[in-house]
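Printed here is coords.pdb (PDB, C-alpha atoms, pLDDT in the B column):
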```pdb
ATOM      1  CA  MET A   1     -18.787  67.141  79.792  1.00 84.00           C
ATOM      2  CA  THR A   2     -15.502  68.923  79.512  1.00 90.00           C
ATOM      3  CA  LYS A   3     -12.874  68.035  76.955  1.00 89.00           C
ATOM      4  CA  ARG A   4     -10.577  66.736  79.700  1.00 89.00           C
ATOM      5  CA  THR A   5     -13.282  64.370  81.029  1.00 90.00           C
ATOM      6  CA  LYS A   6     -13.899  63.019  77.522  1.00 87.00           C
ATOM      7  CA  ILE A   7     -10.175  62.346  77.082  1.00 90.00           C
ATOM      8  CA  LEU A   8      -9.993  60.546  80.448  1.00 89.00           C
ATOM      9  CA  TYR A   9     -13.012  58.403  79.535  1.00 89.00           C
ATOM     10  CA  ALA A  10     -11.446  57.579  76.159  1.00 86.00           C
ATOM     11  CA  ILE A  11      -8.130  56.600  77.789  1.00 92.00           C
ATOM     12  CA  GLY A  12      -9.960  54.482  80.373  1.00 90.00           C
ATOM     13  CA  ALA A  13     -12.061  52.742  77.711  1.00 89.00           C
ATOM     14  CA  PHE A  14      -8.986  52.090  75.561  1.00 90.00           C
ATOM     15  CA  SER A  15      -7.058  50.697  78.556  1.00 91.00           C
ATOM     16  CA  LEU A  16      -9.948  48.414  79.466  1.00 90.00           C
ATOM     17  CA  PHE A  17     -10.173  47.239  75.850  1.00 89.00           C
ATOM     18  CA  CYS A  18      -6.420  46.437  75.857  1.00 86.00           C
ATOM     19  CA  VAL A  19      -6.734  44.422  79.086  1.00 89.00           C
ATOM     20  CA  PHE A  20      -9.630  42.382  77.683  1.00 87.00           C
ATOM     21  CA  LEU A  21      -7.736  41.859  74.411  1.00 83.00           C
ATOM     22  CA  LEU A  22      -4.692  40.592  76.321  1.00 83.00           C
ATOM     23  CA  ILE A  23      -6.807  38.180  78.386  1.00 81.00           C
ATOM     24  CA  PHE A  24      -8.531  36.945  75.229  1.00 79.00           C
ATOM     25  CA  ALA A  25      -5.216  36.414  73.395  1.00 73.00           C
ATOM     26  CA  ARG A  26      -3.722  34.444  76.290  1.00 71.00           C
ATOM     27  CA  ASN A  27      -6.679  32.047  76.282  1.00 67.00           C
ATOM     28  CA  LEU A  28      -6.687  31.265  72.565  1.00 66.00           C
ATOM     29  CA  PRO A  29      -6.127  27.599  71.706  1.00 64.00           C
ATOM     30  CA  GLY A  30      -2.823  26.475  70.270  1.00 64.00           C
ATOM     31  CA  GLY A  31      -0.416  27.466  72.992  1.00 68.00           C
ATOM     32  CA  GLU A  32       2.005  25.059  74.532  1.00 73.00           C
ATOM     33  CA  ASN A  33       1.150  23.116  77.657  1.00 75.00           C
ATOM     34  CA  PRO A  34       3.282  24.596  80.484  1.00 74.00           C
ATOM     35  CA  VAL A  35       4.101  21.157  81.934  1.00 78.00           C
ATOM     36  CA  ILE A  36       5.036  19.647  78.559  1.00 77.00           C
ATOM     37  CA  ALA A  37       7.140  22.706  77.672  1.00 74.00           C
ATOM     38  CA  LYS A  38       9.379  21.989  80.698  1.00 72.00           C
ATOM     39  CA  GLN A  39       9.726  18.259  79.996  1.00 78.00           C
ATOM     40  CA  PRO A  40      13.116  16.832  79.044  1.00 76.00           C
ATOM     41  CA  GLU A  41      13.865  16.317  75.356  1.00 78.00           C
ATOM     42  CA  VAL A  42      14.672  12.861  74.074  1.00 80.00           C
ATOM     43  CA  SER A  43      15.969  12.025  70.622  1.00 73.00           C
ATOM     44  CA  MET A  44      13.864   9.397  68.929  1.00 64.00           C
ATOM     45  CA  GLY A  45      13.080   8.436  65.365  1.00 59.00           C
ATOM     46  CA  SER A  46      10.224  10.348  63.811  1.00 58.00           C
ATOM     47  CA  ILE A  47       6.680   9.130  64.325  1.00 63.00           C
ATOM     48  CA  LYS A  48       5.081   7.896  61.115  1.00 66.00           C
ATOM     49  CA  PRO A  49       1.810   9.677  60.287  1.00 67.00           C
ATOM     50  CA  ASP A  50      -0.057   6.373  59.953  1.00 75.00           C
ATOM     51  CA  ALA A  51       1.503   4.718  63.022  1.00 79.00           C
ATOM     52  CA  VAL A  52      -0.803   3.409  65.758  1.00 89.00           C
ATOM     53  CA  LEU A  53       0.827   2.844  69.147  1.00 90.00           C
ATOM     54  CA  LYS A  54      -0.871   1.296  72.138  1.00 93.00           C
ATOM     55  CA  PRO A  55       0.848   1.505  75.522  1.00 93.00           C
ATOM     56  CA  ASP A  56       2.910  -1.563  76.299  1.00 93.00           C
ATOM     57  CA  PRO A  57       2.483  -2.450  79.976  1.00 94.00           C
ATOM     58  CA  ILE A  58       5.663  -2.134  82.037  1.00 95.00           C
ATOM     59  CA  THR A  59       6.526  -2.141  85.722  1.00 93.00           C
ATOM     60  CA  ALA A  60       7.784   1.133  87.162  1.00 91.00           C
ATOM     61  CA  GLU A  61       9.737   1.497  90.387  1.00 91.00           C
ATOM     62  CA  VAL A  62       8.627   3.859  93.143  1.00 88.00           C
ATOM     63  CA  GLY A  63      11.146   5.281  95.605  1.00 87.00           C
ATOM     64  CA  ASN A  64      12.444   8.540  97.053  1.00 88.00           C
ATOM     65  CA  GLY A  65       9.327  10.365  95.893  1.00 83.00           C
ATOM     66  CA  ARG A  66       9.857   9.384  92.247  1.00 88.00           C
ATOM     67  CA  ILE A  67       8.397   6.950  89.774  1.00 90.00           C
ATOM     68  CA  THR A  68      11.096   5.566  87.471  1.00 92.00           C
ATOM     69  CA  PHE A  69      11.249   3.282  84.461  1.00 92.00           C
ATOM     70  CA  PRO A  70      13.959   2.608  81.858  1.00 92.00           C
ATOM     71  CA  LEU A  71      14.018   5.218  79.085  1.00 91.00           C
ATOM     72  CA  ALA A  72      15.339   2.556  76.700  1.00 91.00           C
ATOM     73  CA  VAL A  73      12.039   0.675  77.003  1.00 92.00           C
ATOM     74  CA  LEU A  74      10.070   3.804  76.092  1.00 91.00           C
ATOM     75  CA  LEU A  75      12.352   4.507  73.131  1.00 89.00           C
ATOM     76  CA  GLU A  76      11.873   0.933  71.923  1.00 89.00           C
ATOM     77  CA  LYS A  77       8.093   0.738  72.426  1.00 89.00           C
ATOM     78  CA  GLY A  78       7.118   4.360  71.683  1.00 89.00           C
ATOM     79  CA  MET A  79       4.408   4.383  74.371  1.00 93.00           C
ATOM     80  CA  VAL A  80       4.244   2.608  77.718  1.00 96.00           C
ATOM     81  CA  GLY A  81       1.653   2.251  80.447  1.00 96.00           C
ATOM     82  CA  PHE A  82       2.103   1.473  84.132  1.00 95.00           C
ATOM     83  CA  ASP A  83       0.296   1.804  87.447  1.00 94.00           C
ATOM     84  CA  TYR A  84       1.226   3.865  90.480  1.00 92.00           C
ATOM     85  CA  GLN A  85      -0.117   2.485  93.748  1.00 88.00           C
ATOM     86  CA  SER A  86      -0.305   4.458  96.968  1.00 84.00           C
ATOM     87  CA  SER A  87      -2.486   4.024 100.052  1.00 86.00           C
ATOM     88  CA  GLY A  88      -4.659   1.428  98.346  1.00 89.00           C
ATOM     89  CA  ILE A  89      -5.318   3.633  95.316  1.00 92.00           C
ATOM     90  CA  THR A  90      -4.127   2.686  91.832  1.00 92.00           C
ATOM     91  CA  ILE A  91      -3.473   5.475  89.335  1.00 94.00           C
ATOM     92  CA  PRO A  92      -2.884   4.442  85.712  1.00 96.00           C
ATOM     93  CA  LEU A  93      -0.100   6.364  83.954  1.00 96.00           C
ATOM     94  CA  ILE A  94       1.179   6.542  80.390  1.00 96.00           C
ATOM     95  CA  ALA A  95       4.444   7.801  78.951  1.00 95.00           C
ATOM     96  CA  PHE A  96       5.248   8.745  75.371  1.00 93.00           C
ATOM     97  CA  ILE A  97       7.508  11.002  73.343  1.00 90.00           C
ATOM     98  CA  THR A  98       5.963  13.828  71.327  1.00 87.00           C
ATOM     99  CA  GLY A  99       6.829  14.634  67.729  1.00 82.00           C
ATOM    100  CA  GLU A 100       9.020  17.442  69.097  1.00 83.00           C
ATOM    101  CA  GLY A 101      10.977  14.949  71.212  1.00 86.00           C
ATOM    102  CA  LYS A 102       9.491  15.843  74.619  1.00 88.00           C
ATOM    103  CA  LEU A 103       9.103  13.045  77.158  1.00 91.00           C
ATOM    104  CA  VAL A 104       5.541  13.150  78.497  1.00 92.00           C
ATOM    105  CA  THR A 105       4.236  11.195  81.471  1.00 94.00           C
ATOM    106  CA  ALA A 106       0.533  11.644  82.166  1.00 95.00           C
ATOM    107  CA  VAL A 107      -2.337  10.293  84.244  1.00 95.00           C
ATOM    108  CA  ALA A 108      -4.124   7.851  81.919  1.00 95.00           C
ATOM    109  CA  ILE A 109      -7.678   8.902  82.700  1.00 94.00           C
ATOM    110  CA  CYS A 110     -10.203  10.609  80.438  1.00 92.00           C
ATOM    111  CA  GLU A 111     -12.246  12.091  83.270  1.00 91.00           C
ATOM    112  CA  PRO A 112     -15.694  12.554  81.677  1.00 92.00           C
ATOM    113  CA  CYS A 113     -15.927   9.078  80.138  1.00 92.00           C
ATOM    114  CA  ASN A 114     -13.718   7.404  82.799  1.00 91.00           C
ATOM    115  CA  SER A 115     -11.558   5.661  80.207  1.00 93.00           C
ATOM    116  CA  HIS A 116      -8.099   4.380  81.118  1.00 94.00           C
ATOM    117  CA  THR A 117      -7.118   3.340  77.586  1.00 95.00           C
ATOM    118  CA  PHE A 118      -5.325   5.561  75.099  1.00 96.00           C
ATOM    119  CA  ARG A 119      -3.413   5.125  71.875  1.00 96.00           C
ATOM    120  CA  ILE A 120      -1.277   7.266  69.606  1.00 94.00           C
ATOM    121  CA  GLU A 121      -2.395   7.628  66.007  1.00 93.00           C
ATOM    122  CA  GLY A 122       0.177   9.606  64.045  1.00 89.00           C
ATOM    123  CA  LEU A 123       0.529  12.911  65.896  1.00 89.00           C
ATOM    124  CA  GLU A 124      -2.645  12.525  67.962  1.00 93.00           C
ATOM    125  CA  LEU A 125      -3.478  10.920  71.281  1.00 95.00           C
ATOM    126  CA  ALA A 126      -6.865   9.163  71.160  1.00 96.00           C
ATOM    127  CA  CYS A 127      -9.124   7.992  73.987  1.00 96.00           C
ATOM    128  CA  GLY A 128     -10.028   4.308  73.728  1.00 93.00           C
ATOM    129  CA  ASN A 129     -13.607   4.905  74.852  1.00 93.00           C
ATOM    130  CA  CYS A 130     -15.011   8.202  73.550  1.00 94.00           C
ATOM    131  CA  GLU A 131     -12.520   8.593  70.652  1.00 95.00           C
ATOM    132  CA  THR A 132     -11.667  12.154  71.689  1.00 96.00           C
ATOM    133  CA  ARG A 133      -8.389  13.265  70.117  1.00 96.00           C
ATOM    134  CA  TRP A 134      -5.696  15.623  71.376  1.00 95.00           C
ATOM    135  CA  LYS A 135      -2.562  16.979  69.716  1.00 92.00           C
ATOM    136  CA  LEU A 136       0.384  14.931  70.920  1.00 90.00           C
ATOM    137  CA  ASN A 137       2.677  17.972  71.344  1.00 88.00           C
ATOM    138  CA  ASN A 138       0.495  19.984  73.737  1.00 91.00           C
ATOM    139  CA  LEU A 139      -2.601  17.852  74.511  1.00 92.00           C
ATOM    140  CA  GLU A 140      -4.865  20.478  72.951  1.00 92.00           C
ATOM    141  CA  GLY A 141      -8.269  19.059  72.020  1.00 92.00           C
ATOM    142  CA  ILE A 142      -8.910  18.397  68.331  1.00 94.00           C
ATOM    143  CA  GLN A 143     -12.252  16.601  68.283  1.00 94.00           C
ATOM    144  CA  GLY A 144     -14.584  14.642  70.513  1.00 93.00           C
ATOM    145  CA  SER A 145     -16.692  15.176  73.587  1.00 92.00           C
ATOM    146  CA  CYS A 146     -13.875  15.197  76.184  1.00 91.00           C
ATOM    147  CA  GLN A 147     -11.492  17.696  74.521  1.00 91.00           C
ATOM    148  CA  LYS A 148     -11.163  19.843  77.634  1.00 91.00           C
ATOM    149  CA  TYR A 149     -10.041  16.869  79.755  1.00 92.00           C
ATOM    150  CA  PRO A 150      -6.813  15.439  78.314  1.00 93.00           C
ATOM    151  CA  PRO A 151      -4.632  13.108  80.367  1.00 94.00           C
ATOM    152  CA  ALA A 152      -2.993  15.366  82.962  1.00 93.00           C
ATOM    153  CA  PRO A 153       0.767  15.630  82.325  1.00 94.00           C
ATOM    154  CA  ILE A 154       3.135  15.042  85.234  1.00 92.00           C
ATOM    155  CA  PRO A 155       6.536  16.792  85.421  1.00 90.00           C
ATOM    156  CA  SER A 156       9.469  14.526  84.527  1.00 84.00           C
ATOM    157  CA  VAL A 157      13.163  14.836  85.177  1.00 77.00           C
TER
END
```
Show how you would write the structure in this file as structure tokens.
Amino acid sequence: MTKRTKILYAIGAFSLFCVFLLIFARNLPGGENPVIAKQPEVSMGSIKPDAVLKPDPITAEVGNGRITFPLAVLLEKGMVGFDYQSSGITIPLIAFITGEGKLVTAVAICEPCNSHTFRIEGLELACGNCETRWKLNNLEGIQGSCQKYPPAPIPSV
């Protein structure tokens, strides 16, 4: 092999290594959830580390392609739950405010265990069935069998 060929192979190998390193770094845990990052911010008192919140059931209004509920109720309760009904299908939803003040609305289903119950314990969201826990700020799995299946966040305005 000529010197030039060796240099080209080295450059190609280094480039390939950099691409794999970039892909690996982008998939490391701990990043923000892209939907939650775009959610509106709401000022609310801080969440106590030992606080346990269960969603208070409320009735949401559906119209003009939007699901709405009073923000004041969420600020008062800390976490609310409601159902969205369309074409004979009922989808349970929850809404809460993260420790960073982001308003999060999500589908209240833990897909693997089929649970529809969740609660907030300090800065974690916990499944009522399998006890899987996710970070409240980005829904990154912390522990449990369903870590890769957090409640799916829905964009809010």
Considering all atoms listed in the file, state which residue in the set A:Ala25, A:Ile154, A:Leu125, A:Ile142 is at the smallest distance from A:Met79.
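For A:Met79, the nearest of the candidates is A:Leu125.
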Return as a ChimeraX atom specification the set of residues that the PyMOL selection byres ((chain A and resi 39) around 10) yields on the displayed structure.
/A:34-38,40-42,101-105,153-157
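Every polymer residue reaching to within 12 Å of (-16.9, 16.1, 74.3), counting only C-alpha atoms, appears in this list: A:Cys110, A:Glu111, A:Pro112, A:Cys113, A:Cys127, A:Asn129, A:Cys130, A:Glu131, A:Thr132, A:Arg133, A:Trp134, A:Gly141, A:Ile142, A:Gln143, A:Gly144, A:Ser145, A:Cys146, A:Gln147, A:Lys148, A:Tyr149, A:Pro150.
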Near A:Thr90, counting all atoms listed in the file, which residues have an atom at most 12 Å away, once you skip same-chain residues fewer than 5 positions from it, shown as a PyMOL selection string?
chain A and resi 82-85+107-109+116
Distance in Å - atom CA of A:Glu140 versus atom CA of A:Thr98
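Those two atoms sit 12.8 Å apart.
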